[in-house]
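Below: one structure, written as structure tokens.
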Amino acid sequence: MLFSIIAKYGIINNISDEGMVYMTELEKIAYAKMFIDKLANGINPLDDSKIPDGDIVNNVRLSRCFFYVSDILRQVIENGEKQSEPKPQRVPFAITQEQIEKYEFSETPIPVSKITDKINSLIDLKVMKKLSYRQITAWLLNINALCEKENAQGKLVKCPTEFGEEIGISTEFRPGKQGQYTVIVYNKKAQSFILDNIEVIIAFER
């Protein structure tokens, strides 16, 4: 019955008219919703005249159905608009000397992930990609400040080399749920070394 009423008042025909060929699917749905809204309120969508009280369109159950369909179409439109919004393309990580100078050094040795958190807090993450701690450790491995060794469980783990220790990289034992574990930490000197070479680190990953 609902579809016969829709056909009667020309919703389908109007959506299929030649003049609507260039409308997007969302625009067509919005156009159909406008017709449904008018029917729900007892208005002829073709000429905006009041539909006679005795017309089946004014049946309370049908009116509720129209309002329900209208709300469904509203949700479809809103979701479609959200999905169609282009996601902004963020540019590769970069940082200026002025931003680097705002870096707050930790007097206590910290893991490399904390260093990248501090660096990333200096840039606009809405338009720029983050610096990953893996970029830093990959470069430190390349310059022989870090190395990889097999631990007792046969797993490869990173550890500072003699050169790494000279520039302020060390290891700490920390308590965990499954016992102690080793963390590589960077003192103020090591943090400064990374910042001094940040451009080289960025270029190395690219």
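The way I read the labels, and the way they are meant: chains A, B, ... in the order of the structure tokens, residue 1 as the first residue of every chain, and ligand 1 as the first ligand shown, with later ones counted on from there.
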In chain A, what's strand (DSSP E) per DSSP? Answer as a list in words?
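Across chain A, those assigned strand (DSSP E) are Leu146, Cys147, Glu148, Lys149, Glu150, Leu156, Val157, Lys158, Cys159, Pro160, Ile169, Ser170, Thr171, Glu172, Phe173, Arg174, Pro175, Gly176, Gly179, Gln180, Tyr181, Thr182, Val183, Ile184, Val185 and Tyr186 of chain A.
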Output file for the residues above (C-alpha atoms, as a CSV table (one decimal), in the first residue's frame):
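Resulting contents of out.csv:
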chain,number,residue,atom,x,y,z
A,146,LEU,CA,72.2,0.1,18.8
A,147,CYS,CA,72.7,-3.5,17.9
A,148,GLU,CA,70.5,-6.6,18.0
A,149,LYS,CA,71.3,-9.7,20.1
A,150,GLU,CA,69.6,-12.9,20.9
A,156,LEU,CA,66.2,-10.7,19.0
A,157,VAL,CA,66.4,-7.6,21.3
A,158,LYS,CA,68.0,-4.3,20.8
A,159,CYS,CA,70.8,-3.0,23.1
A,160,PRO,CA,73.2,-0.1,23.1
A,169,ILE,CA,72.0,5.3,25.7
A,170,SER,CA,71.6,2.7,28.4
A,171,THR,CA,69.4,-0.1,29.6
A,172,GLU,CA,67.2,-0.3,32.7
A,173,PHE,CA,65.5,-3.3,34.4
A,174,ARG,CA,61.9,-2.7,35.2
A,175,PRO,CA,59.3,-4.8,37.0
A,176,GLY,CA,56.5,-6.4,34.9
A,179,GLY,CA,59.0,-10.5,36.0
A,180,GLN,CA,61.7,-8.0,35.1
A,181,TYR,CA,62.2,-6.7,31.6
A,182,THR,CA,64.8,-4.6,29.9
A,183,VAL,CA,64.1,-1.1,28.6
A,184,ILE,CA,66.5,1.0,26.5
A,185,VAL,CA,66.5,4.6,27.8
A,186,TYR,CA,68.0,7.9,26.6
Residues near region 47-54 of chain A, cut-off 12 Å, only C-alpha atoms, skip fewer than 6 positions along chain, as a ChimeraX atom specification
/A:9-10,34-35,37-41,60
Any chance you could tabulate, as JSON lines, the residues of region 11-114 of chain A at most 12 Å from region 122-133 of chain A with each one's nearest atom pair and distance in Å to one decimal, using only C-alpha atoms, in chain and rising number order?
{"residue": "A:Lys87", "atom": "CA", "partner": "A:Lys126", "partner_atom": "CA", "distance": 10.7}
{"residue": "A:Pro88", "atom": "CA", "partner": "A:Val127", "partner_atom": "CA", "distance": 7.5}
{"residue": "A:Gln89", "atom": "CA", "partner": "A:Val127", "partner_atom": "CA", "distance": 7.2}
{"residue": "A:Arg90", "atom": "CA", "partner": "A:Val127", "partner_atom": "CA", "distance": 4.6}
{"residue": "A:Val91", "atom": "CA", "partner": "A:Met128", "partner_atom": "CA", "distance": 4.7}
{"residue": "A:Pro92", "atom": "CA", "partner": "A:Lys129", "partner_atom": "CA", "distance": 5.3}
{"residue": "A:Phe93", "atom": "CA", "partner": "A:Lys129", "partner_atom": "CA", "distance": 5.1}
{"residue": "A:Ala94", "atom": "CA", "partner": "A:Met128", "partner_atom": "CA", "distance": 7.8}
{"residue": "A:Ile95", "atom": "CA", "partner": "A:Ile123", "partner_atom": "CA", "distance": 7.0}
{"residue": "A:Thr96", "atom": "CA", "partner": "A:Ile123", "partner_atom": "CA", "distance": 9.1}
{"residue": "A:Gln97", "atom": "CA", "partner": "A:Leu122", "partner_atom": "CA", "distance": 11.0}
{"residue": "A:Glu98", "atom": "CA", "partner": "A:Leu122", "partner_atom": "CA", "distance": 9.8}
{"residue": "A:Gln99", "atom": "CA", "partner": "A:Leu122", "partner_atom": "CA", "distance": 6.0}
{"residue": "A:Ile100", "atom": "CA", "partner": "A:Leu122", "partner_atom": "CA", "distance": 7.6}
{"residue": "A:Glu101", "atom": "CA", "partner": "A:Leu122", "partner_atom": "CA", "distance": 9.7}
{"residue": "A:Lys102", "atom": "CA", "partner": "A:Leu122", "partner_atom": "CA", "distance": 7.4}
{"residue": "A:Tyr103", "atom": "CA", "partner": "A:Leu122", "partner_atom": "CA", "distance": 7.4}
{"residue": "A:Glu104", "atom": "CA", "partner": "A:Leu122", "partner_atom": "CA", "distance": 10.0}
{"residue": "A:Pro111", "atom": "CA", "partner": "A:Tyr133", "partner_atom": "CA", "distance": 9.4}
{"residue": "A:Val112", "atom": "CA", "partner": "A:Tyr133", "partner_atom": "CA", "distance": 6.0}
{"residue": "A:Ser113", "atom": "CA", "partner": "A:Tyr133", "partner_atom": "CA", "distance": 5.4}
{"residue": "A:Lys114", "atom": "CA", "partner": "A:Tyr133", "partner_atom": "CA", "distance": 8.6}
Alpha helix (DSSP H) per DSSP on the backbone: members of region 7-144 of chain A, as number ranges by chain:
A: 7-8, 11-16, 25-40, 60-84, 97-100, 112-120, 133-142
For CA of Val76 (chain A) and CA of Glu27 (chain A), the interatomic separation in Å (one decimal):
11.2 Å
Using only C-alpha atoms, what does the table of region 91-154 of chain A residues within 7 Å of region 188-205 of chain A look like, with each row giving the shortest atom pair and its distance in Å to one decimal, sorted by chain and ascending number, as JSON lines?
{"residue": "A:Phe105", "atom": "CA", "partner": "A:Lys188", "partner_atom": "CA", "distance": 6.2}
{"residue": "A:Ser106", "atom": "CA", "partner": "A:Lys188", "partner_atom": "CA", "distance": 6.1}
{"residue": "A:Glu107", "atom": "CA", "partner": "A:Lys188", "partner_atom": "CA", "distance": 5.8}
{"residue": "A:Pro109", "atom": "CA", "partner": "A:Lys188", "partner_atom": "CA", "distance": 6.8}
{"residue": "A:Gln135", "atom": "CA", "partner": "A:Glu205", "partner_atom": "CA", "distance": 6.3}
{"residue": "A:Ile136", "atom": "CA", "partner": "A:Ile201", "partner_atom": "CA", "distance": 6.3}
{"residue": "A:Trp139", "atom": "CA", "partner": "A:Ile201", "partner_atom": "CA", "distance": 6.1}
Residues as selected, N, CA, C and O atoms, written as a tab-separated table (two decimals), in the first residue's frame, can you do that?
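For reference, part.tsv as written:
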chain	number	residue	atom	x	y	z
A	105	PHE	N	63.60	18.81	27.41
A	105	PHE	CA	64.46	17.68	27.74
A	105	PHE	C	64.07	17.07	29.08
A	105	PHE	O	63.71	17.77	30.01
A	106	SER	N	64.15	15.75	29.13
A	106	SER	CA	63.91	15.04	30.38
A	106	SER	C	65.25	14.80	31.06
A	106	SER	O	66.18	14.27	30.45
A	107	GLU	N	65.35	15.21	32.30
A	107	GLU	CA	66.59	14.99	33.05
A	107	GLU	C	66.74	13.51	33.40
A	107	GLU	O	67.85	13.01	33.55
A	109	PRO	N	66.47	9.63	32.27
A	109	PRO	CA	66.49	8.86	31.02
A	109	PRO	C	65.10	8.30	30.68
A	109	PRO	O	64.40	7.80	31.56
A	135	GLN	N	61.54	4.89	13.35
A	135	GLN	CA	62.43	5.63	12.46
A	135	GLN	C	63.74	5.95	13.17
A	135	GLN	O	64.82	5.87	12.58
A	136	ILE	N	63.62	6.29	14.44
A	136	ILE	CA	64.82	6.64	15.22
A	136	ILE	C	65.67	5.40	15.49
A	136	ILE	O	66.89	5.41	15.29
A	139	TRP	N	67.54	4.14	12.45
A	139	TRP	CA	68.72	4.95	12.15
A	139	TRP	C	69.84	4.66	13.16
A	139	TRP	O	71.01	4.57	12.77
